[in-house]
Each structure stands twice: as C-alpha cells, then as structure tokens.
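**Student:** Got run22.cif for you, mmCIF, N, CA and C atoms:
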```
data_final
#
loop_
_atom_site.label_atom_id
_atom_site.label_comp_id
_atom_site.auth_asym_id
_atom_site.auth_seq_id
_atom_site.Cartn_x
_atom_site.Cartn_y
_atom_site.Cartn_z
N LEU A 165 -68.09 129.53 206.77
CA LEU A 165 -68.44 130.21 205.53
C LEU A 165 -67.62 131.49 205.47
N ASN A 166 -66.81 131.64 204.46
CA ASN A 166 -66.00 132.84 204.28
C ASN A 166 -66.53 133.62 203.09
N SER A 167 -66.77 134.90 203.29
CA SER A 167 -67.33 135.74 202.24
C SER A 167 -66.27 136.72 201.73
N ASN A 168 -65.99 136.65 200.43
CA ASN A 168 -65.09 137.62 199.80
C ASN A 168 -65.82 138.43 198.74
N GLY A 169 -67.12 138.36 198.72
CA GLY A 169 -67.96 139.14 197.82
C GLY A 169 -69.27 139.42 198.52
N ASN A 170 -70.15 140.16 197.88
CA ASN A 170 -71.47 140.44 198.45
C ASN A 170 -72.41 139.32 198.06
N TYR A 171 -72.94 138.58 199.03
CA TYR A 171 -73.77 137.42 198.77
C TYR A 171 -75.05 137.49 199.57
N THR A 172 -76.12 136.92 199.00
CA THR A 172 -77.35 136.66 199.73
C THR A 172 -77.64 135.19 199.60
N ILE A 173 -77.87 134.53 200.73
CA ILE A 173 -78.20 133.11 200.75
C ILE A 173 -79.58 132.99 201.37
N ALA A 174 -80.53 132.46 200.60
CA ALA A 174 -81.92 132.41 201.02
C ALA A 174 -82.31 131.10 201.68
N ASN A 175 -81.44 130.12 201.69
CA ASN A 175 -81.76 128.82 202.28
C ASN A 175 -81.87 128.91 203.79
N ALA A 176 -82.70 128.06 204.36
CA ALA A 176 -82.76 127.94 205.82
C ALA A 176 -81.43 127.36 206.31
N TYR A 177 -81.06 127.69 207.54
CA TYR A 177 -79.81 127.17 208.09
C TYR A 177 -80.01 126.76 209.54
N THR A 178 -79.17 125.80 209.97
CA THR A 178 -79.18 125.33 211.35
C THR A 178 -77.75 125.32 211.85
N VAL A 179 -77.52 125.91 213.02
CA VAL A 179 -76.22 125.81 213.68
C VAL A 179 -76.33 124.61 214.60
N ALA A 180 -75.68 123.50 214.21
CA ALA A 180 -75.82 122.24 214.93
C ALA A 180 -74.55 121.85 215.67
N ASN A 181 -73.39 122.41 215.28
CA ASN A 181 -72.14 122.10 215.96
C ASN A 181 -71.98 123.05 217.14
N SER A 182 -71.17 122.67 218.11
CA SER A 182 -71.03 123.50 219.31
C SER A 182 -70.55 124.90 218.99
N SER A 183 -69.73 125.04 217.94
CA SER A 183 -69.24 126.36 217.57
C SER A 183 -69.11 126.43 216.05
N SER A 184 -69.89 127.29 215.43
CA SER A 184 -69.85 127.49 213.98
C SER A 184 -69.48 128.95 213.73
N ALA A 185 -68.90 129.23 212.54
CA ALA A 185 -68.40 130.58 212.30
C ALA A 185 -68.80 131.10 210.93
N ILE A 186 -69.00 132.41 210.89
CA ILE A 186 -69.15 133.17 209.66
C ILE A 186 -68.09 134.26 209.73
N SER A 187 -67.29 134.38 208.67
CA SER A 187 -66.28 135.43 208.65
C SER A 187 -66.12 135.95 207.24
N GLY A 188 -65.48 137.10 207.10
CA GLY A 188 -65.25 137.63 205.77
C GLY A 188 -64.94 139.11 205.79
N THR A 189 -64.77 139.64 204.58
CA THR A 189 -64.43 141.05 204.44
C THR A 189 -65.51 141.84 203.72
N ASN A 190 -66.48 141.18 203.10
CA ASN A 190 -67.54 141.87 202.38
C ASN A 190 -68.89 141.47 202.94
N SER A 191 -69.93 142.00 202.38
CA SER A 191 -71.27 141.83 202.92
C SER A 191 -71.86 140.46 202.60
N LEU A 192 -72.61 139.93 203.56
CA LEU A 192 -73.28 138.64 203.44
C LEU A 192 -74.64 138.77 204.10
N ASN A 193 -75.69 138.29 203.42
CA ASN A 193 -77.04 138.29 203.97
C ASN A 193 -77.57 136.87 203.99
N LEU A 194 -77.89 136.37 205.18
CA LEU A 194 -78.58 135.09 205.31
C LEU A 194 -80.05 135.41 205.51
N SER A 195 -80.84 135.23 204.45
CA SER A 195 -82.24 135.64 204.50
C SER A 195 -83.19 134.50 204.81
N GLY A 196 -82.69 133.28 204.87
CA GLY A 196 -83.52 132.13 205.23
C GLY A 196 -83.72 132.05 206.73
N ALA A 197 -84.68 131.26 207.13
CA ALA A 197 -84.95 131.06 208.55
C ALA A 197 -83.78 130.33 209.20
N GLY A 198 -83.49 130.68 210.46
CA GLY A 198 -82.37 130.07 211.16
C GLY A 198 -82.78 129.35 212.42
N THR A 199 -81.97 128.35 212.79
CA THR A 199 -82.15 127.63 214.04
C THR A 199 -80.79 127.53 214.71
N LEU A 200 -80.72 127.88 215.98
CA LEU A 200 -79.50 127.76 216.78
C LEU A 200 -79.75 126.68 217.82
N ASN A 201 -79.28 125.47 217.55
CA ASN A 201 -79.54 124.35 218.46
C ASN A 201 -78.99 124.62 219.85
N ALA A 202 -79.56 123.95 220.84
CA ALA A 202 -79.13 124.09 222.23
C ALA A 202 -77.64 123.79 222.34
N GLY A 203 -76.92 124.62 223.09
CA GLY A 203 -75.50 124.40 223.33
C GLY A 203 -74.60 124.86 222.20
N THR A 204 -75.15 125.55 221.20
CA THR A 204 -74.35 126.01 220.07
C THR A 204 -74.14 127.51 220.12
N THR A 205 -73.06 127.95 219.46
CA THR A 205 -72.79 129.38 219.31
C THR A 205 -72.43 129.66 217.87
N LEU A 206 -73.07 130.65 217.28
CA LEU A 206 -72.71 131.15 215.96
C LEU A 206 -71.76 132.31 216.18
N ASN A 207 -70.48 132.13 215.80
CA ASN A 207 -69.45 133.16 215.94
C ASN A 207 -69.36 133.94 214.64
N VAL A 208 -69.53 135.25 214.71
CA VAL A 208 -69.49 136.12 213.55
C VAL A 208 -68.28 137.04 213.68
N THR A 209 -67.36 136.96 212.70
CA THR A 209 -66.18 137.81 212.68
C THR A 209 -66.04 138.38 211.28
N ASN A 210 -66.33 139.66 211.12
CA ASN A 210 -66.13 140.32 209.83
C ASN A 210 -65.34 141.58 210.07
N THR A 211 -64.30 141.77 209.29
CA THR A 211 -63.41 142.92 209.49
C THR A 211 -63.89 144.16 208.74
N SER A 212 -64.81 143.98 207.81
CA SER A 212 -65.45 145.09 207.11
C SER A 212 -66.74 144.55 206.51
N GLY A 213 -67.52 145.41 205.90
CA GLY A 213 -68.79 144.96 205.34
C GLY A 213 -69.82 144.68 206.42
N THR A 214 -70.95 144.16 206.00
CA THR A 214 -72.06 143.88 206.91
C THR A 214 -72.51 142.44 206.76
N ILE A 215 -72.64 141.75 207.87
CA ILE A 215 -73.25 140.42 207.88
C ILE A 215 -74.64 140.60 208.46
N THR A 216 -75.64 140.23 207.67
CA THR A 216 -77.03 140.42 208.06
C THR A 216 -77.72 139.07 208.18
N LEU A 217 -78.36 138.83 209.30
CA LEU A 217 -79.23 137.67 209.47
C LEU A 217 -80.64 138.22 209.40
N SER A 218 -81.20 138.26 208.17
CA SER A 218 -82.50 138.90 207.97
C SER A 218 -83.66 137.93 208.07
N GLY A 219 -83.38 136.64 208.01
CA GLY A 219 -84.43 135.65 208.22
C GLY A 219 -84.73 135.52 209.70
N ASN A 220 -85.88 135.01 210.02
CA ASN A 220 -86.25 134.83 211.41
C ASN A 220 -85.42 133.71 212.02
N ILE A 221 -84.88 133.95 213.21
CA ILE A 221 -84.21 132.90 213.96
C ILE A 221 -85.25 132.34 214.91
N GLY A 222 -85.59 131.07 214.71
CA GLY A 222 -86.72 130.46 215.39
C GLY A 222 -86.52 130.27 216.88
N ASN A 223 -87.52 129.69 217.48
CA ASN A 223 -87.56 129.45 218.91
C ASN A 223 -86.52 128.40 219.27
N SER A 224 -85.31 128.85 219.57
CA SER A 224 -84.21 127.96 219.90
C SER A 224 -83.34 128.61 220.96
N THR A 225 -82.38 127.86 221.51
CA THR A 225 -81.65 128.34 222.68
C THR A 225 -80.17 128.57 222.45
N GLY A 226 -79.69 128.45 221.21
CA GLY A 226 -78.29 128.72 220.92
C GLY A 226 -77.96 130.19 221.06
N ALA A 227 -76.69 130.53 220.87
CA ALA A 227 -76.20 131.89 221.09
C ALA A 227 -75.55 132.45 219.84
N ILE A 228 -75.38 133.78 219.81
CA ILE A 228 -74.66 134.47 218.75
C ILE A 228 -73.60 135.34 219.40
N THR A 229 -72.36 135.25 218.89
CA THR A 229 -71.27 136.10 219.37
C THR A 229 -70.68 136.86 218.21
N ARG A 230 -70.62 138.17 218.34
CA ARG A 230 -69.98 139.05 217.34
C ARG A 230 -68.58 139.35 217.86
N ASN A 231 -67.55 138.93 217.10
CA ASN A 231 -66.16 139.06 217.51
C ASN A 231 -65.43 140.14 216.73
N GLY A 232 -64.46 140.81 217.37
CA GLY A 232 -63.52 141.66 216.67
C GLY A 232 -64.01 143.07 216.40
N ASN A 233 -63.13 143.81 215.73
CA ASN A 233 -63.39 145.20 215.37
C ASN A 233 -63.68 145.31 213.88
N GLY A 234 -64.39 146.34 213.50
CA GLY A 234 -64.72 146.56 212.09
C GLY A 234 -65.92 145.74 211.69
N GLY A 235 -66.51 146.10 210.59
CA GLY A 235 -67.68 145.38 210.11
C GLY A 235 -68.88 145.58 211.02
N THR A 236 -70.01 145.07 210.55
CA THR A 236 -71.28 145.24 211.25
C THR A 236 -72.05 143.94 211.22
N LEU A 237 -72.72 143.62 212.31
CA LEU A 237 -73.65 142.50 212.37
C LEU A 237 -75.04 143.08 212.55
N VAL A 238 -75.99 142.67 211.68
CA VAL A 238 -77.37 143.13 211.76
C VAL A 238 -78.28 141.92 211.94
N LEU A 239 -79.11 141.96 212.97
CA LEU A 239 -80.14 140.94 213.19
C LEU A 239 -81.47 141.64 212.91
N SER A 240 -82.08 141.38 211.74
CA SER A 240 -83.26 142.16 211.36
C SER A 240 -84.53 141.34 211.25
N GLY A 241 -84.46 140.06 211.51
CA GLY A 241 -85.66 139.23 211.44
C GLY A 241 -86.48 139.33 212.72
N VAL A 242 -87.59 138.62 212.74
CA VAL A 242 -88.41 138.50 213.95
C VAL A 242 -87.82 137.32 214.72
N ASN A 243 -86.86 137.62 215.58
CA ASN A 243 -86.09 136.58 216.23
C ASN A 243 -86.72 136.14 217.53
N GLN A 244 -86.73 134.80 217.73
CA GLN A 244 -87.34 134.22 218.92
C GLN A 244 -86.35 133.35 219.69
N TYR A 245 -85.07 133.42 219.34
CA TYR A 245 -84.12 132.61 220.08
C TYR A 245 -83.91 133.23 221.46
N THR A 246 -83.61 132.39 222.43
CA THR A 246 -83.50 132.85 223.81
C THR A 246 -82.08 132.75 224.35
N GLY A 247 -81.13 132.35 223.50
CA GLY A 247 -79.73 132.29 223.92
C GLY A 247 -79.13 133.68 224.00
N ALA A 248 -77.89 133.73 224.45
CA ALA A 248 -77.18 135.00 224.63
C ALA A 248 -76.81 135.61 223.28
N THR A 249 -76.73 136.94 223.26
CA THR A 249 -76.15 137.69 222.16
C THR A 249 -75.01 138.49 222.76
N THR A 250 -73.77 138.22 222.31
CA THR A 250 -72.58 138.80 222.91
C THR A 250 -71.80 139.57 221.86
N VAL A 251 -71.31 140.75 222.22
CA VAL A 251 -70.44 141.54 221.34
C VAL A 251 -69.10 141.69 222.04
N THR A 252 -68.01 141.24 221.38
CA THR A 252 -66.67 141.36 221.93
C THR A 252 -65.80 142.16 220.98
N ALA A 253 -64.82 142.86 221.53
CA ALA A 253 -63.92 143.66 220.68
C ALA A 253 -62.58 142.98 220.58
#
```
Write the structure described by the file as structure tokens, please.

**Tutor:**
Amino acid sequence: LNSNGNYTIANAYTVANSSSAISGTNSLNLSGAGTLNAGTTLNVTNTSGTITLSGNIGNSTGAITRNGNGGTLVLSGVNQYTGATTVTA
C-alpha cells in the first residue's frame, strides 16, 4: 500500500504473507482491527508524514518493523500482539 495523500482506512486488515509493506510520503491511518499472522512481518517505511495503526492489533504473533529515516509510526490501539516490534534506521 503506497500513500501519496492523507488517508484513513477503517476496514479490518490481516498480514498473511511472510512480508507485507506499507510505505509512502504522507499520513495514513489504519483504524480497523489488525491481525499479524504467525511468521509474518509488517514492514513500515515512510519518509515523511505519520503512519498510524489506531485499531487494535489482536492476539497474534506476527511482527512490525519500522524502516528508514523520517516519518513517524504510531501504534495507538490496545495491542495484544506478542511478536517483535523493531525500529531500524
């Protein structure tokens, strides 16, 4: 999913592939509930703007990785996932 504008997506989402990505230059809010399946990683790379996962990420074991410089990742839901959260520069 590439964001070139400010968007809010309220649908629930599931990261089911081993590696899925969100990238862009402007703000994006995923406000629906999320699931990170076992063995998956959600890679977030934004060079500016804010990517917000404001929906609850349910009881799952996948991981989230924030890549690169610039931009902001916000996890603001009541998250219950037990996978790793990694920040890389």

**Student:** With distances taken over only C-alpha atoms, which residue among A:Thr211, A:Ser218, A:Asn190, A:Thr252 lies nearest Ala176 (chain A)?

**Tutor:**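 Looking only at the distances to Ala176 (chain A), the closest residue turns out to be A:Ser218.
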
**Student:** For region 221-226 of chain A, list every protein, DNA or RNA residue within 8 Å, evaluated using all atoms listed in the file, and leave out those in the same chain fewer than 2 positions away; present the list as a count of residues only.

**Tutor:** 27

**Student:** Could you pull out the strand (DSSP E) residues of chain A, going by DSSP on the backbone, and write them as a PyMOL selection string?

**Tutor:** chain A and resi 166-167+171-173+177-179+183-188+192-194+198-200+205-210+214-217+227-231+236-239+249-251

**Student:** For the selection just defined, write its residues with N, CA and C atoms to a file, as a tab-separated table (two decimals), in the frame of the given file.

**Tutor:**
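As a result, selection-v4.tsv now contains:
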```
chain	number	residue	atom	x	y	z
A	166	ASN	N	-66.81	131.64	204.46
A	166	ASN	CA	-66.00	132.84	204.28
A	166	ASN	C	-66.53	133.62	203.09
A	167	SER	N	-66.77	134.90	203.29
A	167	SER	CA	-67.33	135.74	202.24
A	167	SER	C	-66.27	136.72	201.73
A	171	TYR	N	-72.94	138.58	199.03
A	171	TYR	CA	-73.77	137.42	198.77
A	171	TYR	C	-75.05	137.49	199.57
A	172	THR	N	-76.12	136.92	199.00
A	172	THR	CA	-77.35	136.66	199.73
A	172	THR	C	-77.64	135.19	199.60
A	173	ILE	N	-77.87	134.53	200.73
A	173	ILE	CA	-78.20	133.11	200.75
A	173	ILE	C	-79.58	132.99	201.37
A	177	TYR	N	-81.06	127.69	207.54
A	177	TYR	CA	-79.81	127.17	208.09
A	177	TYR	C	-80.01	126.76	209.54
A	178	THR	N	-79.17	125.80	209.97
A	178	THR	CA	-79.18	125.33	211.35
A	178	THR	C	-77.75	125.32	211.85
A	179	VAL	N	-77.52	125.91	213.02
A	179	VAL	CA	-76.22	125.81	213.68
A	179	VAL	C	-76.33	124.61	214.60
A	183	SER	N	-69.73	125.04	217.94
A	183	SER	CA	-69.24	126.36	217.57
A	183	SER	C	-69.11	126.43	216.05
A	184	SER	N	-69.89	127.29	215.43
A	184	SER	CA	-69.85	127.49	213.98
A	184	SER	C	-69.48	128.95	213.73
A	185	ALA	N	-68.90	129.23	212.54
A	185	ALA	CA	-68.40	130.58	212.30
A	185	ALA	C	-68.80	131.10	210.93
A	186	ILE	N	-69.00	132.41	210.89
A	186	ILE	CA	-69.15	133.17	209.66
A	186	ILE	C	-68.09	134.26	209.73
A	187	SER	N	-67.29	134.38	208.67
A	187	SER	CA	-66.28	135.43	208.65
A	187	SER	C	-66.12	135.95	207.24
A	188	GLY	N	-65.48	137.10	207.10
A	188	GLY	CA	-65.25	137.63	205.77
A	188	GLY	C	-64.94	139.11	205.79
A	192	LEU	N	-72.61	139.93	203.56
A	192	LEU	CA	-73.28	138.64	203.44
A	192	LEU	C	-74.64	138.77	204.10
A	193	ASN	N	-75.69	138.29	203.42
A	193	ASN	CA	-77.04	138.29	203.97
A	193	ASN	C	-77.57	136.87	203.99
A	194	LEU	N	-77.89	136.37	205.18
A	194	LEU	CA	-78.58	135.09	205.31
A	194	LEU	C	-80.05	135.41	205.51
A	198	GLY	N	-83.49	130.68	210.46
A	198	GLY	CA	-82.37	130.07	211.16
A	198	GLY	C	-82.78	129.35	212.42
A	199	THR	N	-81.97	128.35	212.79
A	199	THR	CA	-82.15	127.63	214.04
A	199	THR	C	-80.79	127.53	214.71
A	200	LEU	N	-80.72	127.88	215.98
A	200	LEU	CA	-79.50	127.76	216.78
A	200	LEU	C	-79.75	126.68	217.82
A	205	THR	N	-73.06	127.95	219.46
A	205	THR	CA	-72.79	129.38	219.31
A	205	THR	C	-72.43	129.66	217.87
A	206	LEU	N	-73.07	130.65	217.28
A	206	LEU	CA	-72.71	131.15	215.96
A	206	LEU	C	-71.76	132.31	216.18
A	207	ASN	N	-70.48	132.13	215.80
A	207	ASN	CA	-69.45	133.16	215.94
A	207	ASN	C	-69.36	133.94	214.64
A	208	VAL	N	-69.53	135.25	214.71
A	208	VAL	CA	-69.49	136.12	213.55
A	208	VAL	C	-68.28	137.04	213.68
A	209	THR	N	-67.36	136.96	212.70
A	209	THR	CA	-66.18	137.81	212.68
A	209	THR	C	-66.04	138.38	211.28
A	210	ASN	N	-66.33	139.66	211.12
A	210	ASN	CA	-66.13	140.32	209.83
A	210	ASN	C	-65.34	141.58	210.07
A	214	THR	N	-70.95	144.16	206.00
A	214	THR	CA	-72.06	143.88	206.91
A	214	THR	C	-72.51	142.44	206.76
A	215	ILE	N	-72.64	141.75	207.87
A	215	ILE	CA	-73.25	140.42	207.88
A	215	ILE	C	-74.64	140.60	208.46
A	216	THR	N	-75.64	140.23	207.67
A	216	THR	CA	-77.03	140.42	208.06
A	216	THR	C	-77.72	139.07	208.18
A	217	LEU	N	-78.36	138.83	209.30
A	217	LEU	CA	-79.23	137.67	209.47
A	217	LEU	C	-80.64	138.22	209.40
A	227	ALA	N	-76.69	130.53	220.87
A	227	ALA	CA	-76.20	131.89	221.09
A	227	ALA	C	-75.55	132.45	219.84
A	228	ILE	N	-75.38	133.78	219.81
A	228	ILE	CA	-74.66	134.47	218.75
A	228	ILE	C	-73.60	135.34	219.40
A	229	THR	N	-72.36	135.25	218.89
A	229	THR	CA	-71.27	136.10	219.37
A	229	THR	C	-70.68	136.86	218.21
A	230	ARG	N	-70.62	138.17	218.34
A	230	ARG	CA	-69.98	139.05	217.34
A	230	ARG	C	-68.58	139.35	217.86
A	231	ASN	N	-67.55	138.93	217.10
A	231	ASN	CA	-66.16	139.06	217.51
A	231	ASN	C	-65.43	140.14	216.73
A	236	THR	N	-70.01	145.07	210.55
A	236	THR	CA	-71.28	145.24	211.25
A	236	THR	C	-72.05	143.94	211.22
A	237	LEU	N	-72.72	143.62	212.31
A	237	LEU	CA	-73.65	142.50	212.37
A	237	LEU	C	-75.04	143.08	212.55
A	238	VAL	N	-75.99	142.67	211.68
A	238	VAL	CA	-77.37	143.13	211.76
A	238	VAL	C	-78.28	141.92	211.94
A	239	LEU	N	-79.11	141.96	212.97
A	239	LEU	CA	-80.14	140.94	213.19
A	239	LEU	C	-81.47	141.64	212.91
A	249	THR	N	-76.73	136.94	223.26
A	249	THR	CA	-76.15	137.69	222.16
A	249	THR	C	-75.01	138.49	222.76
A	250	THR	N	-73.77	138.22	222.31
A	250	THR	CA	-72.58	138.80	222.91
A	250	THR	C	-71.80	139.57	221.86
A	251	VAL	N	-71.31	140.75	222.22
A	251	VAL	CA	-70.44	141.54	221.34
A	251	VAL	C	-69.10	141.69	222.04
```

**Student:** Which residues would end up in the selection if the PyMOL selection byres (((chain A and resi 236 and name CA) around 7) and name CA) were applied here, given that I need the answer as a count of residues only?

**Tutor:** 7

**Student:** In Å, with one decimal, what is the gap from CA of Asn170 (chain A) to atom C of Thr189 (chain A)?

**Tutor:**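 Distance reported for this atom pair: 8.1 Å.
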
**Student:** To one decimal place in Å, what is the distance between atom C of Asn175 (chain A) and CA of Ser195 (chain A)?

**Tutor:**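 Interatomic distance here is 6.8 Å.
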
**Student:** To one decimal place in Å, what is the distance between CA of Asn220 (chain A) and CA of Tyr177 (chain A)?

**Tutor:**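 Separation between CA of Asn220 (chain A) and CA of Tyr177 (chain A): 10.5 Å.
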
**Student:** Between A:Leu239, A:Asn231, A:Ala174, A:Ser183, single out the one closest to Ala253 (chain A), counting all atoms listed in the file.

**Tutor:**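 The closest residue to Ala253 (chain A) is A:Asn231.
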
**Student:** Using only C-alpha atoms, find the one residue out of A:Tyr171, A:Gly188, A:Ala180, A:Asn193 that sits nearest to Ala227 (chain A).

**Tutor:**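 The answer is A:Ala180, which sits nearest to Ala227 (chain A).
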
**Student:** From (-66.8, 134.4, 211.3), in the file's coordinates, out to 6 Å: which residues are reached, counting only C-alpha atoms? Answer as number ranges by chain.

**Tutor:** A: 185-187, 207-209
